[in-house]
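What follows is the content of data00.pdb, which has PDB, C-alpha atoms:
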```
ATOM      1  CA  MET A   1       0.000   0.000   0.000
ATOM      2  CA  LEU A   2       2.790   2.398   0.927
ATOM      3  CA  GLU A   3       4.593   1.567  -2.317
ATOM      4  CA  THR A   4       1.450   2.360  -4.315
ATOM      5  CA  VAL A   5       0.955   5.719  -2.607
ATOM      6  CA  PHE A   6       4.620   6.612  -3.044
ATOM      7  CA  LEU A   7       4.830   5.671  -6.722
ATOM      8  CA  VAL A   8       1.470   7.074  -7.808
ATOM      9  CA  GLY A   9       1.911  10.235  -5.735
ATOM     10  CA  GLY A  10       5.459  10.643  -6.994
ATOM     11  CA  ALA A  11       4.304  10.252 -10.596
ATOM     12  CA  TYR A  12       1.703  12.967 -10.093
ATOM     13  CA  LEU A  13       4.304  15.312  -8.599
ATOM     14  CA  VAL A  14       6.725  14.670 -11.475
ATOM     15  CA  GLY A  15       3.896  15.302 -13.919
ATOM     16  CA  SER A  16       3.157  18.552 -12.105
ATOM     17  CA  LEU A  17       6.565  19.960 -13.075
ATOM     18  CA  ALA A  18       5.286  22.162 -15.894
ATOM     19  CA  SER A  19       8.125  22.054 -18.407
ATOM     20  CA  ALA A  20       6.834  25.038 -20.374
ATOM     21  CA  ILE A  21       6.757  27.327 -17.353
ATOM     22  CA  ILE A  22      10.097  26.145 -15.970
ATOM     23  CA  ILE A  23      11.922  26.356 -19.312
ATOM     24  CA  CYS A  24      10.543  29.811 -20.068
ATOM     25  CA  LYS A  25      11.532  31.069 -16.639
ATOM     26  CA  LEU A  26      15.079  29.691 -16.969
ATOM     27  CA  MET A  27      15.444  31.204 -20.443
ATOM     28  CA  GLY A  28      14.010  34.583 -19.473
ATOM     29  CA  LEU A  29      10.954  34.158 -21.699
ATOM     30  CA  PRO A  30       7.355  35.222 -20.973
ATOM     31  CA  ASP A  31       5.260  32.888 -18.862
ATOM     32  CA  PRO A  32       3.356  30.802 -21.453
ATOM     33  CA  ARG A  33       0.203  31.199 -19.389
ATOM     34  CA  SER A  34       0.277  34.941 -20.059
ATOM     35  CA  VAL A  35       0.846  34.907 -23.832
ATOM     36  CA  GLY A  36      -0.735  33.370 -26.916
ATOM     37  CA  SER A  37      -3.389  30.842 -26.001
ATOM     38  CA  GLY A  38      -2.308  30.798 -22.355
ATOM     39  CA  ASN A  39      -1.654  27.068 -22.584
ATOM     40  CA  PRO A  40       1.593  25.863 -20.940
ATOM     41  CA  GLY A  41       2.605  23.536 -23.731
ATOM     42  CA  ALA A  42       5.277  23.213 -26.403
ATOM     43  CA  THR A  43       3.181  24.762 -29.190
ATOM     44  CA  ASN A  44       2.523  27.932 -27.248
ATOM     45  CA  VAL A  45       6.186  28.110 -26.219
ATOM     46  CA  LEU A  46       7.152  27.784 -29.896
ATOM     47  CA  ARG A  47       4.921  30.728 -30.654
ATOM     48  CA  SER A  48       6.324  32.986 -27.951
ATOM     49  CA  GLY A  49       9.819  31.667 -27.252
ATOM     50  CA  GLY A  50      11.157  29.969 -30.365
ATOM     51  CA  LYS A  51      12.211  26.495 -31.435
ATOM     52  CA  LYS A  52      14.860  25.798 -28.796
ATOM     53  CA  ALA A  53      12.513  26.506 -25.888
ATOM     54  CA  ALA A  54       9.733  24.543 -27.574
ATOM     55  CA  VAL A  55      11.938  21.477 -28.128
ATOM     56  CA  LEU A  56      13.145  21.552 -24.523
ATOM     57  CA  THR A  57       9.538  21.835 -23.355
ATOM     58  CA  LEU A  58       8.455  18.929 -25.543
ATOM     59  CA  VAL A  59      11.300  16.718 -24.312
ATOM     60  CA  GLY A  60      10.539  17.635 -20.711
ATOM     61  CA  ASP A  61       6.851  16.821 -21.107
ATOM     62  CA  VAL A  62       7.625  13.443 -22.693
ATOM     63  CA  LEU A  63      10.205  12.544 -20.047
ATOM     64  CA  LYS A  64       7.927  13.306 -17.111
ATOM     65  CA  GLY A  65       5.409  10.813 -18.487
ATOM     66  CA  TRP A  66       8.051   8.215 -19.328
ATOM     67  CA  LEU A  67      10.332   8.343 -16.273
ATOM     68  CA  PRO A  68       7.873   7.410 -13.477
ATOM     69  CA  VAL A  69       6.638   4.421 -15.498
ATOM     70  CA  ILE A  70      10.198   3.228 -16.139
ATOM     71  CA  VAL A  71      10.924   3.455 -12.418
ATOM     72  CA  GLY A  72       7.877   1.267 -11.835
ATOM     73  CA  HIS A  73       9.179  -1.238 -14.388
ATOM     74  CA  LEU A  74      12.578  -1.328 -12.682
ATOM     75  CA  LEU A  75      10.894  -2.006  -9.337
ATOM     76  CA  GLY A  76       8.903  -4.842 -10.884
ATOM     77  CA  VAL A  77       5.455  -3.561  -9.943
ATOM     78  CA  SER A  78       2.240  -5.004 -11.353
ATOM     79  CA  PRO A  79       0.711  -3.907 -14.680
ATOM     80  CA  GLU A  80      -2.186  -2.399 -12.726
ATOM     81  CA  LEU A  81       0.172  -0.197 -10.722
ATOM     82  CA  LEU A  82       2.145   0.739 -13.838
ATOM     83  CA  ALA A  83      -1.080   1.883 -15.505
ATOM     84  CA  ALA A  84      -1.950   3.927 -12.415
ATOM     85  CA  ILE A  85       1.512   5.510 -12.404
ATOM     86  CA  ALA A  86       1.194   6.463 -16.084
ATOM     87  CA  PHE A  87      -2.233   7.991 -15.515
ATOM     88  CA  ALA A  88      -1.038   9.894 -12.436
ATOM     89  CA  ALA A  89       1.830  11.480 -14.382
ATOM     90  CA  PHE A  90      -0.624  12.499 -17.104
ATOM     91  CA  CYS A  91      -2.995  14.020 -14.535
ATOM     92  CA  GLY A  92      -0.084  15.907 -12.997
ATOM     93  CA  HIS A  93       0.535  17.612 -16.319
ATOM     94  CA  LEU A  94      -3.124  18.511 -16.718
ATOM     95  CA  PHE A  95      -3.583  19.687 -13.122
ATOM     96  CA  PRO A  96      -0.126  20.620 -11.735
ATOM     97  CA  ILE A  97      -0.178  21.191  -7.993
ATOM     98  CA  PHE A  98       2.842  23.507  -8.265
ATOM     99  CA  PHE A  99       1.166  25.822 -10.790
ATOM    100  CA  SER A 100      -2.376  26.415  -9.555
ATOM    101  CA  PHE A 101      -3.659  23.227 -11.264
ATOM    102  CA  ARG A 102      -3.497  24.974 -14.638
ATOM    103  CA  GLY A 103      -1.758  22.632 -17.059
ATOM    104  CA  GLY A 104      -1.523  21.778 -20.727
ATOM    105  CA  LYS A 105      -3.485  19.410 -22.914
ATOM    106  CA  GLY A 106      -1.274  16.434 -22.177
ATOM    107  CA  VAL A 107      -0.423  14.951 -25.582
ATOM    108  CA  ALA A 108       3.350  14.793 -25.051
ATOM    109  CA  THR A 109       3.087  13.506 -21.489
ATOM    110  CA  ALA A 110       0.527  10.881 -22.513
ATOM    111  CA  PHE A 111       2.898   9.772 -25.267
ATOM    112  CA  GLY A 112       5.785   9.527 -22.797
ATOM    113  CA  ALA A 113       3.670   7.454 -20.419
ATOM    114  CA  SER A 114       2.596   5.143 -23.259
ATOM    115  CA  LEU A 115       6.214   4.750 -24.335
ATOM    116  CA  GLY A 116       7.069   3.815 -20.759
ATOM    117  CA  LEU A 117       4.348   1.180 -20.635
ATOM    118  CA  SER A 118       5.476  -0.387 -23.915
ATOM    119  CA  GLY A 119       7.982   0.711 -26.507
ATOM    120  CA  TRP A 120       5.820  -0.799 -29.251
ATOM    121  CA  LEU A 121       2.766   1.044 -27.954
ATOM    122  CA  GLY A 122       4.618   4.351 -27.934
ATOM    123  CA  LEU A 123       5.983   3.725 -31.417
ATOM    124  CA  ALA A 124       2.522   2.902 -32.788
ATOM    125  CA  VAL A 125       1.069   6.100 -31.317
ATOM    126  CA  LEU A 126       3.950   8.199 -32.665
ATOM    127  CA  LEU A 127       3.724   6.702 -36.151
ATOM    128  CA  THR A 128      -0.032   7.309 -36.200
ATOM    129  CA  TRP A 129       0.499  10.959 -35.320
ATOM    130  CA  LEU A 130       3.201  11.362 -37.967
ATOM    131  CA  VAL A 131       1.148   9.695 -40.713
ATOM    132  CA  MET A 132      -1.972  11.701 -39.883
ATOM    133  CA  ALA A 133       0.028  14.927 -39.707
ATOM    134  CA  ALA A 134       1.567  14.229 -43.112
ATOM    135  CA  LEU A 135      -1.802  13.423 -44.666
ATOM    136  CA  SER A 136      -4.016  16.050 -43.051
ATOM    137  CA  ARG A 137      -1.567  18.774 -41.932
ATOM    138  CA  TYR A 138      -3.698  19.178 -38.799
ATOM    139  CA  SER A 139      -1.819  18.703 -35.518
ATOM    140  CA  SER A 140      -5.025  18.524 -33.497
ATOM    141  CA  LEU A 141      -6.617  15.922 -35.765
ATOM    142  CA  SER A 142      -3.438  13.852 -35.590
ATOM    143  CA  ALA A 143      -3.558  13.999 -31.793
ATOM    144  CA  LEU A 144      -7.239  13.037 -31.711
ATOM    145  CA  ILE A 145      -6.825  10.055 -34.049
ATOM    146  CA  SER A 146      -3.744   8.877 -32.156
ATOM    147  CA  ALA A 147      -5.629   9.141 -28.861
ATOM    148  CA  LEU A 148      -8.602   7.180 -30.175
ATOM    149  CA  LEU A 149      -6.386   4.400 -31.530
ATOM    150  CA  ALA A 150      -4.076   4.199 -28.505
ATOM    151  CA  PRO A 151      -6.349   1.838 -26.464
ATOM    152  CA  VAL A 152      -6.654  -0.440 -29.495
ATOM    153  CA  TYR A 153      -2.879  -0.517 -29.827
ATOM    154  CA  ALA A 154      -2.560  -1.218 -26.095
ATOM    155  CA  TRP A 155      -4.851  -4.223 -26.466
ATOM    156  CA  LEU A 156      -3.197  -5.577 -29.614
ATOM    157  CA  LEU A 157       0.419  -4.958 -28.624
ATOM    158  CA  THR A 158       0.461  -5.638 -24.878
ATOM    159  CA  GLY A 159      -2.568  -7.774 -24.058
ATOM    160  CA  GLU A 160      -2.679  -6.124 -20.610
ATOM    161  CA  MET A 161      -6.206  -5.039 -19.735
ATOM    162  CA  ALA A 162      -4.841  -2.665 -17.106
ATOM    163  CA  TYR A 163      -2.982  -0.829 -19.859
ATOM    164  CA  VAL A 164      -6.059  -0.805 -22.076
ATOM    165  CA  VAL A 165      -8.162   0.741 -19.312
ATOM    166  CA  GLY A 166      -5.515   3.289 -18.303
ATOM    167  CA  VAL A 167      -4.717   4.308 -21.856
ATOM    168  CA  GLY A 168      -8.422   4.395 -22.717
ATOM    169  CA  LEU A 169      -9.190   6.756 -19.857
ATOM    170  CA  THR A 170      -6.265   8.953 -20.843
ATOM    171  CA  SER A 171      -7.530   9.018 -24.433
ATOM    172  CA  LEU A 172     -11.015  10.085 -23.381
ATOM    173  CA  ILE A 173      -9.576  12.980 -21.407
ATOM    174  CA  LEU A 174      -7.348  13.979 -24.324
ATOM    175  CA  VAL A 175     -10.356  14.115 -26.625
ATOM    176  CA  TRP A 176     -12.228  16.226 -24.072
ATOM    177  CA  ARG A 177      -9.250  18.589 -23.733
ATOM    178  CA  HIS A 178      -9.270  19.011 -27.522
ATOM    179  CA  ARG A 179     -12.993  19.752 -27.786
ATOM    180  CA  SER A 180     -12.363  23.322 -28.956
ATOM    181  CA  ASN A 181     -10.013  22.045 -31.663
ATOM    182  CA  LEU A 182     -12.617  19.487 -32.689
ATOM    183  CA  GLN A 183     -15.218  22.219 -33.037
ATOM    184  CA  ARG A 184     -12.885  24.272 -35.213
ATOM    185  CA  LEU A 185     -12.130  21.215 -37.347
ATOM    186  CA  MET A 186     -15.841  20.686 -37.899
ATOM    187  CA  ASN A 187     -16.248  24.362 -38.794
ATOM    188  CA  GLY A 188     -13.224  24.369 -41.110
ATOM    189  CA  ALA A 189     -11.539  26.980 -38.936
ATOM    190  CA  GLU A 190      -8.602  24.977 -37.589
ATOM    191  CA  ASP A 191      -5.178  26.056 -38.844
ATOM    192  CA  LYS A 192      -2.941  23.552 -40.585
ATOM    193  CA  ILE A 193       0.638  22.781 -39.618
ATOM    194  CA  GLY A 194       2.893  25.436 -41.091
ATOM    195  CA  ALA A 195       0.059  27.872 -41.739
ATOM    196  CA  ALA A 196       1.202  31.462 -42.077
ATOM    197  CA  LYS A 197      -1.197  32.819 -39.498
ATOM    198  CA  GLU A 198      -0.892  32.140 -35.797
ATOM    199  CA  PRO A 199      -2.611  28.916 -34.677
ATOM    200  CA  PRO A 200      -5.514  29.510 -32.295
ATOM    201  CA  GLU A 201      -4.710  26.946 -29.640
ATOM    202  CA  PRO A 202      -1.899  24.464 -29.039
ATOM    203  CA  ASP A 203      -2.363  20.733 -29.214
ATOM    204  CA  VAL A 204       0.506  19.606 -26.973
TER     205      VAL A 204
END
```

So that I can check it, write out the structure of this file as structure tokens.
Amino acid sequence: MLETVFLVGGAYLVGSLASAIIICKLMGLPDPRSVGSGNPGATNVLRSGGKKAAVLTLVGDVLKGWLPVIVGHLLGVSPELLAAIAFAAFCGHLFPIFFSFRGGKGVATAFGASLGLSGWLGLAVLLTWLVMAALSRYSSLSALISALLAPVYAWLLTGEMAYVVGVGLTSLILVWRHRSNLQRLMNGAEDKIGAAKEPPEPDV
């Protein structure tokens, strides 16, 4: 019981380390919550701080989903606990205790957690995003399709029902967090990747 509380609680705290806010502060850039869309994610950092800050933010967000799950693997915990750890890290990014519970959309952290659960699962999700991005040029649509397929991949590639449930719940929340993007997609108002005008809201 103590191990569960420690690992799940620790994963949430690691997830709560908002990479966008920390990186911007260290680099002397504006707080991402005060510029652009106000979303503390890599896309908004790219908009206000440039490529270097955005890449560092993206890497940080992926690592904080991946690292707690890998620690769980190294300790030999059950698949059920690993799924809980992954979900806790994801929730930490969405609702960071260190930053007034105002987090990002969670795509990068969810990917990192999936990669920690299974390398094949993470690869399948990443390839889906890349293929959809190449075909549609919509980052948000790529994220939505990847999220919807992630539980299917978890079932096919791992066979662990705990992973399927955890990844499925994460996917549902990701879709909910992208509801504004979905509305813009339906209205034909969502910007494509590389569009000249400023994108309305980040997807990471």

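When the PyMOL selection byres ((chain A and resi 70) around 10) is run on the displayed coordinates, the residues it returns are Gly65, Trp66, Leu67, Pro68, Val69, Val71, Gly72, His73, Leu74, Leu75, Gly76, Leu82, Ile85, Ala86, Ala113, Leu115, Gly116, Leu117 and Ser118 of chain A.
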
Could you turn the residues from that selection into a file that holds C-alpha atoms, as an mmCIF file, in the frame of the given file?
```
data_model
loop_
_atom_site.group_PDB
_atom_site.id
_atom_site.type_symbol
_atom_site.label_atom_id
_atom_site.label_comp_id
_atom_site.auth_asym_id
_atom_site.auth_seq_id
_atom_site.Cartn_x
_atom_site.Cartn_y
_atom_site.Cartn_z
ATOM 1 C CA GLY A 65 5.409 10.813 -18.487
ATOM 2 C CA TRP A 66 8.051 8.215 -19.328
ATOM 3 C CA LEU A 67 10.332 8.343 -16.273
ATOM 4 C CA PRO A 68 7.873 7.410 -13.477
ATOM 5 C CA VAL A 69 6.638 4.421 -15.498
ATOM 6 C CA VAL A 71 10.924 3.455 -12.418
ATOM 7 C CA GLY A 72 7.877 1.267 -11.835
ATOM 8 C CA HIS A 73 9.179 -1.238 -14.388
ATOM 9 C CA LEU A 74 12.578 -1.328 -12.682
ATOM 10 C CA LEU A 75 10.894 -2.006 -9.337
ATOM 11 C CA GLY A 76 8.903 -4.842 -10.884
ATOM 12 C CA LEU A 82 2.145 0.739 -13.838
ATOM 13 C CA ILE A 85 1.512 5.510 -12.404
ATOM 14 C CA ALA A 86 1.194 6.463 -16.084
ATOM 15 C CA ALA A 113 3.670 7.454 -20.419
ATOM 16 C CA LEU A 115 6.214 4.750 -24.335
ATOM 17 C CA GLY A 116 7.069 3.815 -20.759
ATOM 18 C CA LEU A 117 4.348 1.180 -20.635
ATOM 19 C CA SER A 118 5.476 -0.387 -23.915
#
```

Padding 4 Å on every side, please: axis-aligned box over the listed atoms of stretch 127-132 of chain A, centre and edge lengths to one decimal in Å, as AutoDock Vina command-line options.
```
--center_x 0.9 --center_y 9.2 --center_z -38.0 --size_x 13.7 --size_y 13.0 --size_z 13.4
```

Open item on the list: My list of candidates is A:Ala42, A:Met132, A:Ala110, A:Leu13. Which is closest to A:Leu174 when distances are computed with only C-alpha atoms?
Closed with: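 Of the candidates, the smallest distance to A:Leu174 is held by A:Ala110.
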
Can you translate the PyMOL selection byres ((chain A and resi 135-146) around 9) into the concrete residues it hits in this file, as a PDB file with C-alpha atoms, in the frame of the given file?
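The resulting file, part24.pdb, is shown below:
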```pdb
ATOM      1  CA  VAL A 107      -0.423  14.951 -25.582  1.00  0.00           C
ATOM      2  CA  ALA A 124       2.522   2.902 -32.788  1.00  0.00           C
ATOM      3  CA  VAL A 125       1.069   6.100 -31.317  1.00  0.00           C
ATOM      4  CA  LEU A 126       3.950   8.199 -32.665  1.00  0.00           C
ATOM      5  CA  LEU A 127       3.724   6.702 -36.151  1.00  0.00           C
ATOM      6  CA  THR A 128      -0.032   7.309 -36.200  1.00  0.00           C
ATOM      7  CA  TRP A 129       0.499  10.959 -35.320  1.00  0.00           C
ATOM      8  CA  LEU A 130       3.201  11.362 -37.967  1.00  0.00           C
ATOM      9  CA  VAL A 131       1.148   9.695 -40.713  1.00  0.00           C
ATOM     10  CA  MET A 132      -1.972  11.701 -39.883  1.00  0.00           C
ATOM     11  CA  ALA A 133       0.028  14.927 -39.707  1.00  0.00           C
ATOM     12  CA  ALA A 134       1.567  14.229 -43.112  1.00  0.00           C
ATOM     13  CA  ALA A 147      -5.629   9.141 -28.861  1.00  0.00           C
ATOM     14  CA  LEU A 148      -8.602   7.180 -30.175  1.00  0.00           C
ATOM     15  CA  LEU A 149      -6.386   4.400 -31.530  1.00  0.00           C
ATOM     16  CA  ALA A 150      -4.076   4.199 -28.505  1.00  0.00           C
ATOM     17  CA  SER A 171      -7.530   9.018 -24.433  1.00  0.00           C
ATOM     18  CA  LEU A 174      -7.348  13.979 -24.324  1.00  0.00           C
ATOM     19  CA  VAL A 175     -10.356  14.115 -26.625  1.00  0.00           C
ATOM     20  CA  HIS A 178      -9.270  19.011 -27.522  1.00  0.00           C
ATOM     21  CA  ASN A 181     -10.013  22.045 -31.663  1.00  0.00           C
ATOM     22  CA  LEU A 182     -12.617  19.487 -32.689  1.00  0.00           C
ATOM     23  CA  LEU A 185     -12.130  21.215 -37.347  1.00  0.00           C
ATOM     24  CA  GLU A 190      -8.602  24.977 -37.589  1.00  0.00           C
ATOM     25  CA  ASP A 191      -5.178  26.056 -38.844  1.00  0.00           C
ATOM     26  CA  LYS A 192      -2.941  23.552 -40.585  1.00  0.00           C
ATOM     27  CA  ILE A 193       0.638  22.781 -39.618  1.00  0.00           C
ATOM     28  CA  GLY A 194       2.893  25.436 -41.091  1.00  0.00           C
ATOM     29  CA  PRO A 202      -1.899  24.464 -29.039  1.00  0.00           C
ATOM     30  CA  ASP A 203      -2.363  20.733 -29.214  1.00  0.00           C
ATOM     31  CA  VAL A 204       0.506  19.606 -26.973  1.00  0.00           C
TER      32      VAL A 204
END
```

Open item on the list: Quick check, in Å to one decimal: how far apart do atom CA of A:Gly112 and atom CA of A:Gly166 lie?
Closed with: 13.7 Å

Open item on the list: Please report the interatomic distance between atom CA of A:Phe111 and atom CA of A:Val62 in Å with one decimal.
Closed with: 6.5 Å

- [ ] Go through A:Ser34, A:Arg177, A:Leu172, A:Trp120 and flag the residue nearest A:Trp155, using all atoms listed in the file for the distances.
- [x]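 Ranking A:Ser34, A:Arg177, A:Leu172, A:Trp120 by distance to A:Trp155, first place goes to A:Trp120.
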
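Using only C-alpha atoms, the shortest contact distance between A:Glu80 and any of A:Thr57, A:Thr4, A:Ser48, A:Ser37 is found at A:Thr4.
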
Task: Distance of atom CA of A:Gly122 from atom CA of A:Leu56, expressed in Å to one decimal place - done: 19.5 Å

- [ ] Would you mind listing what lies within 12 Å of A:Met27 as a list of chain:residue names, with only C-alpha atoms counted and same-chain residues fewer than 4 positions away left out?
- [x]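 So, after excluding close chain neighbours, the residues are A:Ser19, A:Ala20, A:Ile21, A:Ile22, A:Ile23, A:Asp31, A:Val45, A:Ser48, A:Gly49, A:Gly50, A:Lys52, A:Ala53, A:Ala54, A:Leu56, A:Thr57.
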
Deliver the residues from the most recent selection as a file, using C-alpha atoms, as a compact mmCIF listing (two decimals), in the coordinates of the input.
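Result file is result-v3.txt:
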```txt
# COMPACT_ATOMS: atom_id res chain seq x y z
CA SER A 19 8.12 22.05 -18.41
CA ALA A 20 6.83 25.04 -20.37
CA ILE A 21 6.76 27.33 -17.35
CA ILE A 22 10.10 26.14 -15.97
CA ILE A 23 11.92 26.36 -19.31
CA ASP A 31 5.26 32.89 -18.86
CA VAL A 45 6.19 28.11 -26.22
CA SER A 48 6.32 32.99 -27.95
CA GLY A 49 9.82 31.67 -27.25
CA GLY A 50 11.16 29.97 -30.36
CA LYS A 52 14.86 25.80 -28.80
CA ALA A 53 12.51 26.51 -25.89
CA ALA A 54 9.73 24.54 -27.57
CA LEU A 56 13.14 21.55 -24.52
CA THR A 57 9.54 21.84 -23.36
```

Task: the PyMOL selection byres ((chain A and resi 14-18) around 9) resolved against shown file, as JSON, numbers by chain - done: {"A": [9, 10, 11, 12, 13, 19, 20, 21, 22, 23, 40, 41, 57, 60, 61, 64, 65, 67, 68, 88, 89, 90, 91, 92, 93, 94, 95, 96, 97, 98, 99, 101, 103, 104, 109]}

Would you write out those residues with C-alpha atoms, as a PDB file, in the coordinates of the input?
```
ATOM      1  CA  GLY A   9       1.911  10.235  -5.735  1.00  0.00           C
ATOM      2  CA  GLY A  10       5.459  10.643  -6.994  1.00  0.00           C
ATOM      3  CA  ALA A  11       4.304  10.252 -10.596  1.00  0.00           C
ATOM      4  CA  TYR A  12       1.703  12.967 -10.093  1.00  0.00           C
ATOM      5  CA  LEU A  13       4.304  15.312  -8.599  1.00  0.00           C
ATOM      6  CA  SER A  19       8.125  22.054 -18.407  1.00  0.00           C
ATOM      7  CA  ALA A  20       6.834  25.038 -20.374  1.00  0.00           C
ATOM      8  CA  ILE A  21       6.757  27.327 -17.353  1.00  0.00           C
ATOM      9  CA  ILE A  22      10.097  26.145 -15.970  1.00  0.00           C
ATOM     10  CA  ILE A  23      11.922  26.356 -19.312  1.00  0.00           C
ATOM     11  CA  PRO A  40       1.593  25.863 -20.940  1.00  0.00           C
ATOM     12  CA  GLY A  41       2.605  23.536 -23.731  1.00  0.00           C
ATOM     13  CA  THR A  57       9.538  21.835 -23.355  1.00  0.00           C
ATOM     14  CA  GLY A  60      10.539  17.635 -20.711  1.00  0.00           C
ATOM     15  CA  ASP A  61       6.851  16.821 -21.107  1.00  0.00           C
ATOM     16  CA  LYS A  64       7.927  13.306 -17.111  1.00  0.00           C
ATOM     17  CA  GLY A  65       5.409  10.813 -18.487  1.00  0.00           C
ATOM     18  CA  LEU A  67      10.332   8.343 -16.273  1.00  0.00           C
ATOM     19  CA  PRO A  68       7.873   7.410 -13.477  1.00  0.00           C
ATOM     20  CA  ALA A  88      -1.038   9.894 -12.436  1.00  0.00           C
ATOM     21  CA  ALA A  89       1.830  11.480 -14.382  1.00  0.00           C
ATOM     22  CA  PHE A  90      -0.624  12.499 -17.104  1.00  0.00           C
ATOM     23  CA  CYS A  91      -2.995  14.020 -14.535  1.00  0.00           C
ATOM     24  CA  GLY A  92      -0.084  15.907 -12.997  1.00  0.00           C
ATOM     25  CA  HIS A  93       0.535  17.612 -16.319  1.00  0.00           C
ATOM     26  CA  LEU A  94      -3.124  18.511 -16.718  1.00  0.00           C
ATOM     27  CA  PHE A  95      -3.583  19.687 -13.122  1.00  0.00           C
ATOM     28  CA  PRO A  96      -0.126  20.620 -11.735  1.00  0.00           C
ATOM     29  CA  ILE A  97      -0.178  21.191  -7.993  1.00  0.00           C
ATOM     30  CA  PHE A  98       2.842  23.507  -8.265  1.00  0.00           C
ATOM     31  CA  PHE A  99       1.166  25.822 -10.790  1.00  0.00           C
ATOM     32  CA  PHE A 101      -3.659  23.227 -11.264  1.00  0.00           C
ATOM     33  CA  GLY A 103      -1.758  22.632 -17.059  1.00  0.00           C
ATOM     34  CA  GLY A 104      -1.523  21.778 -20.727  1.00  0.00           C
ATOM     35  CA  THR A 109       3.087  13.506 -21.489  1.00  0.00           C
TER      36      THR A 109
END
```

TODO: Tell me which of A:Gly188, A:Pro30, A:Gly106, A:Pro79 sits closest to A:Tyr163, counting all atoms listed in the file.
DONE: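 Between A:Gly188, A:Pro30, A:Gly106, A:Pro79, the residue approaching A:Tyr163 most closely is A:Pro79.
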